[in-house]
$ cat final_8.txt   # compact mmCIF, C-alpha atoms
# COMPACT_ATOMS: atom_id res chain seq x y z
CA MET F 15 -16.72 -21.97 26.59
CA ALA F 16 -13.11 -21.63 25.38
CA ALA F 17 -12.65 -18.62 27.67
CA GLY F 18 -12.74 -20.95 30.67
CA LYS F 19 -9.33 -22.35 29.75
CA TYR F 20 -7.51 -19.03 30.23
CA LYS F 21 -5.82 -17.82 33.40
CA GLY F 22 -7.39 -14.40 33.04
CA ARG F 23 -10.17 -12.74 31.10
CA VAL F 24 -10.70 -9.09 30.26
CA ALA F 25 -14.02 -7.62 29.16
CA LEU F 26 -13.31 -4.21 27.66
CA GLY F 27 -16.10 -2.06 26.38
CA ALA F 28 -18.21 1.03 26.39
CA ASN F 29 -20.20 2.46 29.27
CA ARG F 30 -23.66 1.08 30.10
CA ILE F 31 -23.29 -2.38 28.57
CA GLY F 32 -23.47 -4.43 31.78
CA LYS F 33 -19.79 -5.27 32.31
CA SER F 34 -19.99 -4.98 36.11
CA GLU F 35 -23.19 -7.04 36.17
CA ASN F 36 -21.41 -9.80 34.26
CA GLY F 37 -18.43 -9.68 36.62
CA ALA F 38 -20.61 -9.91 39.72
CA PHE F 39 -22.75 -12.68 38.21
CA GLU F 40 -19.65 -14.76 37.52
CA CYS F 41 -18.60 -14.37 41.16
CA ALA F 42 -21.97 -15.74 42.25
CA LEU F 43 -21.62 -18.66 39.82
CA ALA F 44 -18.23 -19.53 41.31
CA VAL F 45 -19.50 -19.43 44.89
CA THR F 46 -22.58 -21.54 44.16
CA GLY F 47 -20.72 -24.08 42.02
CA MET F 48 -22.90 -23.31 39.00
CA HIS F 49 -20.20 -21.91 36.71
CA PRO F 50 -20.71 -23.41 33.23
CA CYS F 51 -17.06 -23.19 32.12
CA ARG F 52 -14.97 -23.93 35.18
CA GLU F 53 -15.17 -26.05 38.32
CA PHE F 54 -14.60 -24.17 41.57
CA PRO F 55 -13.91 -25.90 44.92
CA GLU F 56 -16.60 -26.43 47.53
CA CYS F 57 -14.67 -24.28 50.01
CA GLY F 58 -12.80 -21.26 48.75
CA THR F 59 -11.94 -17.59 48.92
CA GLY F 60 -12.62 -14.91 46.34
CA TRP F 61 -11.69 -11.25 46.05
CA ILE F 62 -13.86 -8.53 44.55
CA ILE F 63 -11.67 -5.52 43.83
CA GLY F 64 -13.04 -2.04 43.13
CA LEU F 65 -11.38 1.30 42.55
CA ASP F 66 -12.37 2.70 45.95
CA ASN F 67 -14.67 2.07 48.90
CA PRO F 68 -17.63 4.08 47.51
CA MET F 69 -17.51 2.03 44.31
CA ILE F 70 -17.47 -1.20 46.31
CA ARG F 71 -20.30 0.01 48.57
CA ASP F 72 -22.55 1.40 45.83
CA ILE F 73 -21.84 -0.89 42.85
CA ASP F 74 -19.78 -4.03 43.35
CA ARG F 75 -21.16 -5.38 46.62
CA PRO F 76 -24.84 -4.69 45.78
CA LEU F 77 -24.42 -6.42 42.42
CA PHE F 78 -22.82 -9.47 44.02
CA GLU F 79 -25.59 -9.62 46.63
CA LYS F 80 -28.19 -9.28 43.87
CA PHE F 81 -26.98 -12.41 42.07
CA LEU F 82 -26.06 -14.48 45.14
CA PRO F 83 -28.99 -16.75 46.15
CA SER F 84 -30.38 -15.81 49.56
CA ARG F 85 -29.62 -19.23 51.03
CA PHE F 86 -25.89 -18.51 50.62
CA LYS F 87 -26.00 -15.20 52.51
CA THR F 88 -24.84 -16.49 55.88
CA LYS F 89 -23.29 -13.37 57.35
CA PHE F 90 -21.75 -10.09 56.24
CA TYR F 91 -18.96 -8.65 58.38
CA LYS F 92 -19.08 -4.91 57.82
CA GLN F 93 -15.86 -4.11 59.64
CA ASP F 94 -13.87 -6.55 57.50
CA ASN F 95 -15.97 -5.96 54.39
CA LEU F 96 -16.49 -9.66 53.66
CA TRP F 97 -19.29 -12.13 53.10
CA VAL F 98 -19.37 -15.64 54.55
CA CYS F 99 -21.40 -17.78 52.15
CA LYS F 100 -22.56 -21.25 53.24
CA SER F 101 -25.08 -23.54 51.60
CA ASP F 102 -25.36 -26.74 49.55
CA SER F 103 -22.24 -28.18 51.26
CA ARG F 104 -20.25 -25.18 50.04
CA GLU F 105 -18.46 -22.55 52.12
CA TRP F 106 -16.88 -19.44 50.66
CA ILE F 107 -15.42 -16.18 51.93
CA ILE F 108 -15.69 -13.18 49.64
CA ASN F 109 -13.45 -10.24 50.49
CA PHE F 110 -14.06 -6.78 49.05
CA LYS F 111 -10.88 -4.82 48.43
CA SER F 112 -10.13 -1.32 47.20
CA THR F 113 -7.18 -0.44 44.98
CA GLU F 114 -6.65 2.47 47.36
CA MET F 115 -5.49 0.00 50.01
CA GLY F 116 -1.81 -0.43 50.72
CA ARG F 117 0.16 -3.21 49.07
CA ASP F 118 0.33 -5.17 52.33
CA LYS F 119 -3.47 -5.63 52.20
CA PHE F 120 -2.98 -7.67 49.02
CA GLN F 121 -0.31 -9.97 50.46
CA GLY F 122 -0.30 -13.26 52.36
CA ALA F 123 -3.64 -14.72 51.25
CA LYS F 124 -4.42 -17.71 49.06
CA ILE F 125 -7.43 -17.19 46.82
CA ASP F 126 -9.40 -19.09 44.19
CA PHE F 127 -10.60 -16.19 42.07
CA ALA F 128 -10.52 -12.43 41.79
CA TRP F 129 -12.81 -10.06 39.95
CA VAL F 130 -11.28 -6.65 39.22
CA ASP F 131 -13.89 -4.02 38.33
CA GLU F 132 -12.20 -1.30 36.26
CA GLU F 133 -8.50 -0.83 35.66
CA PRO F 134 -6.64 -0.44 38.98
CA LYS F 135 -4.99 2.92 39.55
CA ARG F 136 -2.06 1.16 41.22
CA THR F 137 -1.07 -1.60 38.84
CA GLU F 138 1.45 -3.11 41.27
CA LEU F 139 -1.55 -4.34 43.27
CA PHE F 140 -2.58 -6.44 40.29
CA SER F 141 0.74 -8.30 40.46
CA GLU F 142 0.13 -8.96 44.16
CA MET F 143 -3.34 -10.26 43.36
CA GLU F 144 -2.02 -12.65 40.71
CA ALA F 145 0.52 -14.02 43.20
CA ARG F 146 -2.34 -14.92 45.57
CA LEU F 147 -3.85 -17.18 42.89
CA VAL F 148 -0.78 -19.39 42.46
CA ASP F 149 -1.27 -21.80 45.39
CA ARG F 150 -4.77 -22.84 44.38
CA GLY F 151 -4.50 -22.46 40.62
CA GLY F 152 -7.02 -19.65 40.73
CA VAL F 153 -8.27 -17.42 37.94
CA TRP F 154 -9.17 -13.75 37.55
CA TRP F 155 -11.42 -11.62 35.39
CA MET F 156 -11.51 -7.88 34.81
CA THR F 157 -14.30 -5.64 33.54
CA ALA F 158 -13.27 -2.19 32.37
CA THR F 159 -13.99 0.79 30.17
CA PRO F 160 -10.50 1.88 29.06
CA VAL F 161 -11.07 5.58 29.74
CA ARG F 162 -7.55 6.02 31.13
CA GLY F 163 -6.06 4.62 27.95
CA THR F 164 -2.95 3.14 29.55
CA ALA F 165 -0.40 0.94 27.86
CA TRP F 166 -0.59 -1.35 30.92
CA LEU F 167 -4.19 -2.34 30.28
CA LYS F 168 -3.57 -2.83 26.57
CA SER F 169 -0.58 -5.04 27.32
CA MET F 170 -2.60 -7.00 29.88
CA SER F 171 -5.41 -7.62 27.40
CA GLU F 172 -2.93 -8.96 24.83
CA ARG F 173 -1.25 -11.55 27.07
CA HIS F 174 -1.19 -15.09 25.68
CA ASP F 175 -2.93 -16.45 28.80
CA VAL F 176 -5.71 -13.82 28.75
CA PHE F 177 -8.98 -14.01 26.81
CA THR F 178 -10.24 -10.55 25.81
CA THR F 179 -13.64 -9.46 24.55
CA PHE F 180 -14.95 -6.06 23.40
CA ALA F 181 -18.43 -4.54 23.20
CA GLY F 182 -19.97 -1.19 22.27
CA MET F 183 -22.85 0.75 23.77
CA ARG F 184 -25.01 0.25 20.68
CA GLU F 185 -24.90 -3.49 21.34
CA ASN F 186 -27.03 -3.06 24.48
CA PRO F 187 -30.61 -3.60 23.26
CA TYR F 188 -32.04 -2.07 26.45
CA LEU F 189 -30.66 1.40 25.79
CA PRO F 190 -32.71 3.84 23.66
CA ILE F 191 -30.61 4.18 20.51
CA GLU F 192 -31.61 7.84 20.09
CA GLU F 193 -30.19 8.60 23.54
CA VAL F 194 -27.00 6.72 22.73
CA GLU F 195 -26.55 8.69 19.51
CA HIS F 196 -27.22 11.99 21.26
CA TYR F 197 -24.66 11.19 23.94
CA ALA F 198 -22.18 10.14 21.24
CA SER F 199 -22.61 13.47 19.47
CA THR F 200 -21.49 15.36 22.58
CA LEU F 201 -18.15 13.55 22.90
CA PRO F 202 -14.79 14.23 21.25
CA GLU F 203 -13.75 11.62 18.67
CA ASP F 204 -11.32 9.70 20.89
CA GLU F 205 -13.65 9.61 23.89
CA ARG F 206 -16.54 8.57 21.65
CA ALA F 207 -14.48 5.65 20.36
CA VAL F 208 -13.92 4.48 23.95
CA ARG F 209 -17.24 5.23 25.65
CA ILE F 210 -19.57 4.41 22.75
CA ASP F 211 -17.73 1.94 20.52
CA GLY F 212 -15.71 0.17 23.19
CA LYS F 213 -12.46 0.68 21.30
CA TYR F 214 -9.06 0.88 22.94
CA ILE F 215 -7.00 4.05 22.53
CA ILE F 216 -3.81 4.79 24.41
CA PHE F 217 -3.90 8.33 25.74
CA GLY F 218 -0.50 9.87 26.34
CA GLY F 219 -1.27 13.53 26.88
CA ASN F 220 -2.49 16.16 24.45
CA PRO F 221 -1.73 15.21 20.84
CA VAL F 222 0.41 17.45 18.66
CA PHE F 223 -1.17 15.90 15.57
CA ASP F 224 -4.76 15.07 14.90
CA ARG F 225 -5.11 11.31 15.52
CA SER F 226 -7.32 10.56 12.53
CA THR F 227 -4.99 12.45 10.21
CA LEU F 228 -1.97 10.62 11.57
CA LEU F 229 -3.65 7.31 10.86
CA ARG F 230 -4.37 8.41 7.31
CA ILE F 231 -0.73 9.46 6.86
CA MET F 232 0.45 6.08 8.10
CA GLU F 233 -1.84 4.39 5.60
CA GLY F 234 -0.43 6.57 2.80
CA LEU F 235 -3.75 8.23 2.09
CA VAL F 236 -2.69 11.86 2.52
CA ASP F 237 0.48 13.88 2.10
CA GLU F 238 2.23 15.11 5.28
CA GLY F 239 2.19 18.62 3.93
CA GLU F 240 -1.56 18.74 3.55
CA GLU F 241 -3.02 21.89 5.01
CA GLY F 242 -4.54 21.39 8.42
CA VAL F 243 -2.44 18.40 9.53
CA LEU F 244 -0.79 20.31 12.35
CA VAL F 245 -2.98 21.21 15.28
CA ALA F 246 -2.28 23.00 18.54
CA ALA F 247 -1.00 20.91 21.44

$ encode --input "final_8.txt" --output "structure tokens"
Amino acid sequence: MAAGKYKGRVALGANRIGKSENGAFECALAVTGMHPCREFPECGTGWIIGLDNPMIRDIDRPLFEKFLPSRFKTKFYKQDNLWVCKSDSREWIINFKSTEMGRDKFQGAKIDFAWVDEEPKRTELFSEMEARLVDRGGVWWMTATPVRGTAWLKSMSERHDVFTTFAGMRENPYLPIEEVEHYASTLPEDERAVRIDGKYIIFGGNPVFDRSTLLRIMEGLVDEGEEGVLVAA
């Protein structure tokens, strides 16, 4: 419940734990006025932002439509990629936007919420999105697996006005644990930490030092001259 008091919320975690489902479900709760933590207006505008048009078409829009009650599905405008949702004395417009769009496509509007599914490739668009929330005191939430490992996403998740949660693949009770463990065994250590455990690692190119060894050095557990510390870049 405390998460409802924050301007933004970030759900970081592993693959296959239902992050996108949660993001889409929260959009439906906002539109229908059934959100348990925050009151949304009867008439409003929301943005659902995906990485590209195929992601919006195949993942984000179908998930939103899955959770939106049928009585709210007034009309979908394919050319503009938006839903008009009217029912129960409520009227909402939901726009689907891609981070591949130009910056001008993220300007001029006034919105009540935005759901960002995965870290945007063009982070300047996120700043434009936040500006659209100012007029109406809107909020945003982001669901992402931090596979790109950028400092931008880490910094965003640590903002004082952002509530951040983490989850790992093993926490999904609907996944066969033997399949999860097999998949984990095929991944390098850093990628396993991100995709399986939901941990955040900043990737800045190929490491000159082994990451785990560096951490041990920093903790004073090994000597820097220990054989095998240096690895090829």

$ closest_residue --input "final_8.txt" --among "F:Gly116, F:Met156, F:Gly151, F:Glu138" --to "Phe177 in chain F" --atoms "only C-alpha atoms"
F:Met156

$ residues_around --input "final_8.txt" --residues "range 37-42 of chain F" --least-positions-apart "5" --cutoff "7 Å" --atoms "all atoms listed in the file" --output "list of chain:residue names"
F:Asp74, F:Leu77, F:Phe78, F:Phe81, F:Leu82, F:Trp129, F:Thr157

$ closest_residue --input "final_8.txt" --among "F:Phe127, F:Gly47, F:Tyr91, F:Val24" --to "Trp61 in chain F" --atoms "only C-alpha atoms"
F:Phe127

$ residues_around --input "final_8.txt" --residues "range 50-56 of chain F" --least-positions-apart "2" --cutoff "10 Å" --atoms "only C-alpha atoms" --output "list of chain:residue names"
F:Met15, F:Ala16, F:Ala17, F:Gly18, F:Lys19, F:Glu40, F:Leu43, F:Ala44, F:Val45, F:Thr46, F:Gly47, F:Met48, F:Gly58, F:Thr59, F:Lys100, F:Ser101, F:Asp102, F:Ser103, F:Arg104, F:Glu105, F:Trp106, F:Asp126, F:Phe127, F:Arg150, F:Gly152, F:Val153

$ write_last_selection --input "final_8.txt" --atoms "C-alpha atoms" --output "CSV table (one decimal), in the frame of the given file"
chain,number,residue,atom,x,y,z
F,15,MET,CA,-16.7,-22.0,26.6
F,16,ALA,CA,-13.1,-21.6,25.4
F,17,ALA,CA,-12.6,-18.6,27.7
F,18,GLY,CA,-12.7,-21.0,30.7
F,19,LYS,CA,-9.3,-22.4,29.8
F,40,GLU,CA,-19.6,-14.8,37.5
F,43,LEU,CA,-21.6,-18.7,39.8
F,44,ALA,CA,-18.2,-19.5,41.3
F,45,VAL,CA,-19.5,-19.4,44.9
F,46,THR,CA,-22.6,-21.5,44.2
F,47,GLY,CA,-20.7,-24.1,42.0
F,48,MET,CA,-22.9,-23.3,39.0
F,58,GLY,CA,-12.8,-21.3,48.8
F,59,THR,CA,-11.9,-17.6,48.9
F,100,LYS,CA,-22.6,-21.2,53.2
F,101,SER,CA,-25.1,-23.5,51.6
F,102,ASP,CA,-25.4,-26.7,49.6
F,103,SER,CA,-22.2,-28.2,51.3
F,104,ARG,CA,-20.2,-25.2,50.0
F,105,GLU,CA,-18.5,-22.6,52.1
F,106,TRP,CA,-16.9,-19.4,50.7
F,126,ASP,CA,-9.4,-19.1,44.2
F,127,PHE,CA,-10.6,-16.2,42.1
F,150,ARG,CA,-4.8,-22.8,44.4
F,152,GLY,CA,-7.0,-19.6,40.7
F,153,VAL,CA,-8.3,-17.4,37.9

$ residues_around --input "final_8.txt" --residues "Arg71 in chain F" --least-positions-apart "5" --cutoff "12 Å" --atoms "only C-alpha atoms" --output "NGL selection string"
:F and (62-66 or 76-79 or 92 or 95-96 or 110-112)

$ closest_residue --input "final_8.txt" --among "F:Ala123, F:Ala181, F:Val176, F:Ile107" --to "Gly60 in chain F" --atoms "all atoms listed in the file"
F:Ile107

$ closest_residue --input "final_8.txt" --among "F:Val148, F:Ala128, F:Ala158, F:Ile73" --to "Val208 in chain F" --atoms "only C-alpha atoms"
F:Ala158

$ atom_distance --input "final_8.txt" --atom1 "CA of Trp155 in chain F" --atom2 "CA of Val194 in chain F"
27.2 Å

$ atom_distance --input "final_8.txt" --atom1 "CA of Ala207 in chain F" --atom2 "CA of Ile191 in chain F"
16.2 Å

$ decode --input "final_8.txt" --residues "range 89-177 of chain F" --atoms "C-alpha atoms" --output "mmCIF file, in the first residue's frame"
data_model
loop_
_atom_site.group_PDB
_atom_site.id
_atom_site.type_symbol
_atom_site.label_atom_id
_atom_site.label_comp_id
_atom_site.auth_asym_id
_atom_site.auth_seq_id
_atom_site.Cartn_x
_atom_site.Cartn_y
_atom_site.Cartn_z
ATOM 1 C CA LYS F 89 -13.477 1.292 -29.665
ATOM 2 C CA PHE F 90 -9.905 0.664 -30.766
ATOM 3 C CA TYR F 91 -8.434 3.035 -33.354
ATOM 4 C CA LYS F 92 -5.792 1.019 -35.175
ATOM 5 C CA GLN F 93 -4.329 3.923 -37.119
ATOM 6 C CA ASP F 94 -3.712 5.930 -33.943
ATOM 7 C CA ASN F 95 -2.983 2.862 -31.817
ATOM 8 C CA LEU F 96 -5.324 3.882 -28.996
ATOM 9 C CA TRP F 97 -8.260 2.530 -27.041
ATOM 10 C CA VAL F 98 -11.309 4.580 -26.069
ATOM 11 C CA CYS F 99 -12.674 3.065 -22.863
ATOM 12 C CA LYS F 100 -16.137 4.085 -21.624
ATOM 13 C CA SER F 101 -18.260 2.505 -18.919
ATOM 14 C CA ASP F 102 -19.484 3.033 -15.350
ATOM 15 C CA SER F 103 -19.477 6.838 -15.846
ATOM 16 C CA ARG F 104 -15.779 6.673 -16.708
ATOM 17 C CA GLU F 105 -14.075 7.651 -19.962
ATOM 18 C CA TRP F 106 -10.419 7.014 -20.680
ATOM 19 C CA ILE F 107 -8.094 7.154 -23.675
ATOM 20 C CA ILE F 108 -5.160 4.764 -23.666
ATOM 21 C CA ASN F 109 -2.374 5.548 -26.131
ATOM 22 C CA PHE F 110 0.234 2.960 -27.079
ATOM 23 C CA LYS F 111 3.647 4.454 -27.786
ATOM 24 C CA SER F 112 6.963 3.042 -28.922
ATOM 25 C CA THR F 113 10.333 4.282 -27.699
ATOM 26 C CA GLU F 114 11.352 4.209 -31.357
ATOM 27 C CA MET F 115 9.090 7.207 -31.979
ATOM 28 C CA GLY F 116 10.564 10.661 -32.295
ATOM 29 C CA ARG F 117 10.712 12.982 -29.311
ATOM 30 C CA ASP F 118 7.911 15.137 -30.718
ATOM 31 C CA LYS F 119 5.498 12.199 -30.314
ATOM 32 C CA PHE F 120 6.034 12.435 -26.554
ATOM 33 C CA GLN F 121 5.348 16.172 -26.321
ATOM 34 C CA GLY F 122 2.269 18.342 -25.835
ATOM 35 C CA ALA F 123 -0.039 15.900 -24.054
ATOM 36 C CA LYS F 124 -1.349 15.872 -20.497
ATOM 37 C CA ILE F 125 -1.622 12.392 -19.026
ATOM 38 C CA ASP F 126 -2.678 10.748 -15.776
ATOM 39 C CA PHE F 127 -0.429 7.704 -15.834
ATOM 40 C CA ALA F 128 2.203 5.951 -17.892
ATOM 41 C CA TRP F 129 3.346 2.347 -17.856
ATOM 42 C CA VAL F 130 6.810 1.789 -19.340
ATOM 43 C CA ASP F 131 7.459 -1.858 -20.218
ATOM 44 C CA GLU F 132 11.235 -2.438 -20.219
ATOM 45 C CA GLU F 133 13.960 0.164 -20.043
ATOM 46 C CA PRO F 134 13.628 2.659 -22.932
ATOM 47 C CA LYS F 135 16.480 2.663 -25.424
ATOM 48 C CA ARG F 136 16.182 6.447 -25.696
ATOM 49 C CA THR F 137 16.140 7.705 -22.138
ATOM 50 C CA GLU F 138 15.396 11.300 -23.165
ATOM 51 C CA LEU F 139 11.881 10.093 -24.001
ATOM 52 C CA PHE F 140 11.400 9.190 -20.353
ATOM 53 C CA SER F 141 12.013 12.812 -19.371
ATOM 54 C CA GLU F 142 9.399 13.898 -21.912
ATOM 55 C CA MET F 143 6.955 11.372 -20.478
ATOM 56 C CA GLU F 144 7.484 12.637 -16.927
ATOM 57 C CA ALA F 145 6.807 16.200 -18.088
ATOM 58 C CA ARG F 146 3.398 15.097 -19.423
ATOM 59 C CA LEU F 147 2.394 13.968 -15.910
ATOM 60 C CA VAL F 148 2.935 17.345 -14.246
ATOM 61 C CA ASP F 149 -0.371 19.059 -15.118
ATOM 62 C CA ARG F 150 -2.554 16.321 -13.673
ATOM 63 C CA GLY F 151 -0.286 15.076 -10.910
ATOM 64 C CA GLY F 152 0.047 11.754 -12.689
ATOM 65 C CA VAL F 153 2.169 8.746 -11.812
ATOM 66 C CA TRP F 154 4.229 6.196 -13.719
ATOM 67 C CA TRP F 155 5.398 2.629 -13.280
ATOM 68 C CA MET F 156 8.071 0.639 -15.088
ATOM 69 C CA THR F 157 8.555 -3.110 -15.423
ATOM 70 C CA ALA F 158 11.975 -4.252 -16.588
ATOM 71 C CA THR F 159 14.590 -6.969 -16.635
ATOM 72 C CA PRO F 160 17.852 -4.993 -16.424
ATOM 73 C CA VAL F 161 19.603 -6.918 -19.207
ATOM 74 C CA ARG F 162 21.217 -3.759 -20.589
ATOM 75 C CA GLY F 163 22.745 -2.994 -17.215
ATOM 76 C CA THR F 164 22.768 0.780 -17.607
ATOM 77 C CA ALA F 165 23.638 3.298 -14.939
ATOM 78 C CA TRP F 166 20.521 5.248 -15.990
ATOM 79 C CA LEU F 167 18.124 2.527 -14.859
ATOM 80 C CA LYS F 168 20.016 1.984 -11.615
ATOM 81 C CA SER F 169 19.918 5.706 -10.881
ATOM 82 C CA MET F 170 16.207 5.837 -11.725
ATOM 83 C CA SER F 171 15.422 2.958 -9.369
ATOM 84 C CA GLU F 172 17.254 4.721 -6.518
ATOM 85 C CA ARG F 173 15.421 8.057 -6.743
ATOM 86 C CA HIS F 174 13.840 9.249 -3.495
ATOM 87 C CA ASP F 175 10.411 9.522 -5.146
ATOM 88 C CA VAL F 176 10.545 6.025 -6.686
ATOM 89 C CA PHE F 177 9.519 2.764 -5.016
#
